[in-house]
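Taking it in order: structure first as structure tokens, then the write-up.
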Amino acid sequence: MDIPHFYADESLFVEKPIATVLVVDDTPDNLTLMGTLLRDHYHVKVANQGEKALRIAQSSPPPDLILLDIMMPGIDGYEVCRQLKAHPQSRDIPIIFLTARSTSDDERMGLAAGAVDYITKPISPPILLARVHTHLALKATADFLRDKSAYLEREVAMRTLEVQAIQDVTIMAMTSLAETRDNETGNHIRRTQLYVKALAEQLRLHPRFEQTLTERMIELLYKSAPLHDIGKIGIPDRILLKPGKLTVEEFEVMKTHTTLGRNAIEDAERRLGMRVAFLSVSKEIAYSHQEKWDGSGYPEGLAGDAIPVSARLMAVADVYDALISKRVYKPAYSHEQACATIVRGRGTHFDPDMVDAFVDLADDFRDIARKYPDPA
């Protein structure tokens, strides 16, 4: 049984495990000599041929360092080294060549194969022990840094998931609050979110949109879409819940939900003290999803490409869903009627290319609507 070594400050109770050194040589006397030199300091394993060395090195746990002869029957030391460096489990094990071949070309070949050092025979015990100690110390440092890097990567991934979860909870909390004030249901939020994603993915390779609709942008659109009508929280019930047609004055008040939504998100950004990508996209959608391609929309009367892509996508999704949904002031349109209305709005209400994409995806829109129906 190996007795663990301890660091000088034993009050820390940190165990330092004994390192394992694999010696590879086809000469029994050399294996005996190396074992004698090393066993007082390290756990020693031996192999008398390259194939056996590969099996030991790629077993679990692997050795911490390999002393490797070059001239062996079967596969030579150079090939063993190359194979060890090509395998994920053994590529980080330092290899020191021990050989009677002492020319500079031999040393160059050994280092090129992946060895960290090259010691010529006959072996000088002090030099051997010093080199082994040095390379094990270097490996311990590299292992520590590698483990630390992996730990930090896991921490970053975990923190990223936490931030994403906070974003998702924030969105759901805000949209749930809006739903309590509106006739629209949570399934409207879910449907429009999926419509927007489907449209964006359909247009992703379109020459007009490929620079904007990146994978990251589509993810942000998907997260942001539920906040498109968050501003309705600020609309009085007598207008928001009115069962009939709004008067001109009432409609002017209703139109302010776009500005109210943008302002609410801007206030959230100010309180946060930093810009967050999904809030920026949410702000675009909330403020501009009622703009129309021909400039007849609100709140600013923007036209064409002046309307953010995110808002143009939401306009198609929101109108389609409003048409197929029953409201206190209107019956539900059929899917075919809703599609015909969207097509009639091509180039006036909606971006023409987005309408074309919608037509290609019409069956997908219908499937989404059927999967997430409003409660009866």
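Letters for chains follow the order of the structure tokens (A, B, ...), residue numbers begin at 1 for each chain, and ligand numbers begin at 1 in the order shown.
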List as a tab-separated table every residue of segment 36-122 of chain A that is in contact with segment 131-154 of chain A, defined as an atom at most 9 Å from one of its atoms (using only C-alpha atoms), together with the nearest atom pair and the distance in Å rounded to one decimal, sorted by chain and then rising number.
```
residue	atom	partner	partner_atom	distance
A:Asp64	CA	A:Leu136	CA	7.1
A:Leu65	CA	A:Leu136	CA	6.8
A:Leu67	CA	A:Val132	CA	8.8
A:Asp92	CA	A:Lys139	CA	8.2
A:Ile93	CA	A:Lys139	CA	7.7
A:Pro94	CA	A:His135	CA	7.0
A:Ile95	CA	A:His135	CA	8.9
A:Ile96	CA	A:Val132	CA	8.2
A:Val116	CA	A:His135	CA	8.0
A:Asp117	CA	A:Arg131	CA	8.1
A:Ile119	CA	A:Arg131	CA	8.9
```
Next on the checklist: Can you pull out the residues contacting segment 362-370 of chain A? Cut-off 7 Å, using only C-alpha atoms, and skip same-chain residues under 6 positions away; I want them as a ChimeraX atom specification.
Outcome noted: /A:191,195,335
Just-selected residues, N, CA, C and O atoms written as a PDB file, in the first residue's frame:
```
ATOM      1  N   ARG A 191     -48.393  31.439 -28.963  1.00  0.00           N
ATOM      2  CA  ARG A 191     -48.541  31.293 -30.421  1.00  0.00           C
ATOM      3  C   ARG A 191     -47.730  32.342 -31.170  1.00  0.00           C
ATOM      4  O   ARG A 191     -47.000  32.009 -32.119  1.00  0.00           O
ATOM      5  N   TYR A 195     -44.851  31.819 -33.924  1.00  0.00           N
ATOM      6  CA  TYR A 195     -44.991  32.361 -35.288  1.00  0.00           C
ATOM      7  C   TYR A 195     -43.752  33.174 -35.658  1.00  0.00           C
ATOM      8  O   TYR A 195     -43.213  33.040 -36.771  1.00  0.00           O
ATOM      9  N   HIS A 335     -58.752  30.037 -40.702  1.00  0.00           N
ATOM     10  CA  HIS A 335     -57.353  30.128 -41.124  1.00  0.00           C
ATOM     11  C   HIS A 335     -57.264  30.695 -42.536  1.00  0.00           C
ATOM     12  O   HIS A 335     -56.417  31.558 -42.821  1.00  0.00           O
TER      13      HIS A 335
END
```
Checklist entry - Can you list, as a ChimeraX atom specification, every protein, DNA or RNA residue that comes within 12 Å of Leu279 of chain A when you count only C-alpha atoms, leaving out same-chain residues fewer than 3 positions away? => result /A:167-168,170-171,220-228,261-270,272,274-276,282-287
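Distance annotation: of A:Gly304, A:Gly297, A:Gly110, A:Pro17, the residue with the minimal separation from Asp353 of chain A is A:Gly304; atom set is only C-alpha atoms.
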Residues near Ala200 of chain A, cut-off 7 Å, only C-alpha atoms, skip fewer than 3 positions along chain, as a JSON list (two decimals) with N, CA, C and O atoms, in the first residue's frame:
```json
[["chain", "number", "residue", "atom", "x", "y", "z"],
["A", 196, "VAL", "N", -43.34, 34.05, -34.74],
["A", 196, "VAL", "CA", -42.18, 34.91, -35.01],
["A", 196, "VAL", "C", -40.93, 34.06, -35.26],
["A", 196, "VAL", "O", -40.16, 34.32, -36.19],
["A", 197, "LYS", "N", -40.74, 33.06, -34.44],
["A", 197, "LYS", "CA", -39.56, 32.19, -34.62],
["A", 197, "LYS", "C", -39.60, 31.48, -35.97],
["A", 197, "LYS", "O", -38.58, 31.41, -36.69],
["A", 203, "LEU", "N", -36.80, 33.12, -43.07],
["A", 203, "LEU", "CA", -36.15, 34.25, -43.75],
["A", 203, "LEU", "C", -34.66, 34.34, -43.48],
["A", 203, "LEU", "O", -33.99, 35.24, -43.98],
["A", 204, "ARG", "N", -34.15, 33.41, -42.72],
["A", 204, "ARG", "CA", -32.77, 33.52, -42.25],
["A", 204, "ARG", "C", -31.76, 33.61, -43.38],
["A", 204, "ARG", "O", -30.75, 34.32, -43.29],
["A", 213, "LEU", "N", -30.85, 38.27, -39.22],
["A", 213, "LEU", "CA", -31.47, 37.12, -38.59],
["A", 213, "LEU", "C", -30.46, 35.99, -38.35],
["A", 213, "LEU", "O", -30.53, 34.91, -38.92],
["A", 218, "ILE", "N", -32.40, 35.27, -33.63],
["A", 218, "ILE", "CA", -33.64, 34.49, -33.60],
["A", 218, "ILE", "C", -33.96, 34.06, -32.17],
["A", 218, "ILE", "O", -35.11, 34.09, -31.73]]
```
Neighbours of segment 318-323 of chain A within 12 Å (only C-alpha atoms; same-chain residues fewer than 5 positions away dropped), as a PDB file with C-alpha atoms, in the first residue's frame?
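So result30.pdb came out as:
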```
ATOM      1  CA  ASN A 183     -58.896  39.674 -23.023  1.00  0.00           C
ATOM      2  CA  GLU A 184     -55.996  37.895 -24.679  1.00  0.00           C
ATOM      3  CA  THR A 185     -54.753  34.632 -23.153  1.00  0.00           C
ATOM      4  CA  ASN A 187     -51.754  30.973 -25.487  1.00  0.00           C
ATOM      5  CA  HIS A 188     -51.821  34.116 -27.632  1.00  0.00           C
ATOM      6  CA  ILE A 189     -48.401  34.918 -26.187  1.00  0.00           C
ATOM      7  CA  ARG A 190     -47.149  31.412 -26.887  1.00  0.00           C
ATOM      8  CA  ARG A 191     -48.541  31.293 -30.421  1.00  0.00           C
ATOM      9  CA  THR A 192     -47.116  34.644 -31.485  1.00  0.00           C
ATOM     10  CA  GLN A 193     -43.758  33.665 -30.016  1.00  0.00           C
ATOM     11  CA  LEU A 194     -43.697  30.543 -32.181  1.00  0.00           C
ATOM     12  CA  TYR A 195     -44.991  32.361 -35.288  1.00  0.00           C
ATOM     13  CA  VAL A 196     -42.185  34.906 -35.009  1.00  0.00           C
ATOM     14  CA  ALA A 225     -41.837  38.412 -28.503  1.00  0.00           C
ATOM     15  CA  PRO A 226     -44.005  37.831 -25.395  1.00  0.00           C
ATOM     16  CA  LEU A 227     -43.459  41.459 -24.338  1.00  0.00           C
ATOM     17  CA  HIS A 228     -44.960  42.972 -27.498  1.00  0.00           C
ATOM     18  CA  ASP A 229     -48.134  44.175 -25.746  1.00  0.00           C
ATOM     19  CA  ILE A 285     -41.050  45.022 -30.798  1.00  0.00           C
ATOM     20  CA  ALA A 286     -43.180  46.740 -28.148  1.00  0.00           C
ATOM     21  CA  HIS A 289     -45.067  46.341 -33.995  1.00  0.00           C
ATOM     22  CA  GLN A 290     -48.034  48.542 -34.997  1.00  0.00           C
ATOM     23  CA  GLU A 291     -46.090  50.334 -37.742  1.00  0.00           C
ATOM     24  CA  LYS A 292     -47.089  49.514 -41.322  1.00  0.00           C
ATOM     25  CA  ALA A 311     -41.296  44.625 -35.309  1.00  0.00           C
ATOM     26  CA  ARG A 312     -42.145  43.682 -38.902  1.00  0.00           C
ATOM     27  CA  LEU A 313     -42.053  40.000 -37.971  1.00  0.00           C
ATOM     28  CA  VAL A 328     -65.557  40.200 -27.289  1.00  0.00           C
ATOM     29  CA  TYR A 329     -65.769  42.610 -30.217  1.00  0.00           C
ATOM     30  CA  LYS A 330     -65.385  40.080 -33.109  1.00  0.00           C
ATOM     31  CA  PRO A 331     -65.759  36.400 -34.032  1.00  0.00           C
ATOM     32  CA  ALA A 332     -62.759  34.262 -34.971  1.00  0.00           C
ATOM     33  CA  TYR A 333     -61.747  34.201 -38.639  1.00  0.00           C
ATOM     34  CA  SER A 334     -60.983  30.888 -40.305  1.00  0.00           C
ATOM     35  CA  HIS A 335     -57.353  30.128 -41.124  1.00  0.00           C
ATOM     36  CA  GLU A 336     -58.100  30.707 -44.822  1.00  0.00           C
ATOM     37  CA  GLN A 337     -59.726  34.078 -44.146  1.00  0.00           C
ATOM     38  CA  ALA A 338     -56.809  35.167 -41.987  1.00  0.00           C
ATOM     39  CA  CYS A 339     -54.308  34.130 -44.663  1.00  0.00           C
ATOM     40  CA  ALA A 340     -56.224  36.040 -47.320  1.00  0.00           C
ATOM     41  CA  THR A 341     -56.182  39.159 -45.122  1.00  0.00           C
ATOM     42  CA  ILE A 342     -52.425  38.896 -44.606  1.00  0.00           C
ATOM     43  CA  VAL A 343     -51.862  38.491 -48.345  1.00  0.00           C
ATOM     44  CA  GLY A 345     -51.764  43.519 -46.751  1.00  0.00           C
ATOM     45  CA  HIS A 349     -49.446  46.716 -43.983  1.00  0.00           C
ATOM     46  CA  PHE A 350     -46.642  44.146 -44.184  1.00  0.00           C
ATOM     47  CA  VAL A 355     -45.793  37.902 -46.461  1.00  0.00           C
ATOM     48  CA  PHE A 358     -45.833  33.572 -44.320  1.00  0.00           C
ATOM     49  CA  VAL A 359     -47.557  32.016 -47.345  1.00  0.00           C
ATOM     50  CA  ALA A 362     -49.211  28.954 -43.643  1.00  0.00           C
ATOM     51  CA  PHE A 365     -49.032  28.672 -38.539  1.00  0.00           C
ATOM     52  CA  ARG A 366     -52.244  26.639 -38.560  1.00  0.00           C
ATOM     53  CA  ILE A 368     -49.209  26.114 -34.069  1.00  0.00           C
ATOM     54  CA  ALA A 369     -52.686  27.574 -33.599  1.00  0.00           C
ATOM     55  CA  ARG A 370     -54.202  24.099 -33.248  1.00  0.00           C
ATOM     56  CA  TYR A 372     -52.085  25.992 -28.507  1.00  0.00           C
ATOM     57  CA  PRO A 373     -55.809  26.843 -28.702  1.00  0.00           C
ATOM     58  CA  ASP A 374     -57.527  29.332 -26.436  1.00  0.00           C
TER      59      ASP A 374
END
```
Next on the checklist: Please return, as a ChimeraX atom specification, all residues of segment 104-329 of chain A that DSSP assigns to alpha helix (DSSP H) on the basis of the backbone.
Outcome noted: /A:104-113,125-179,186-203,215-224,237-240,248-255,257-272,277-288,309-324
Item to check | In segment 43-233 of chain A, DSSP strand (DSSP E) residues written as a list in words | outcome: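 Filtering segment 43-233 of chain A to strand (DSSP E) leaves His43, Val44, Lys45, Val46, Ala47, Leu65, Ile66, Leu67, Leu68, Asp69, Ile95, Ile96, Phe97, Leu98, Thr99, Asp117, Tyr118, Ile119 and Thr120 of chain A.
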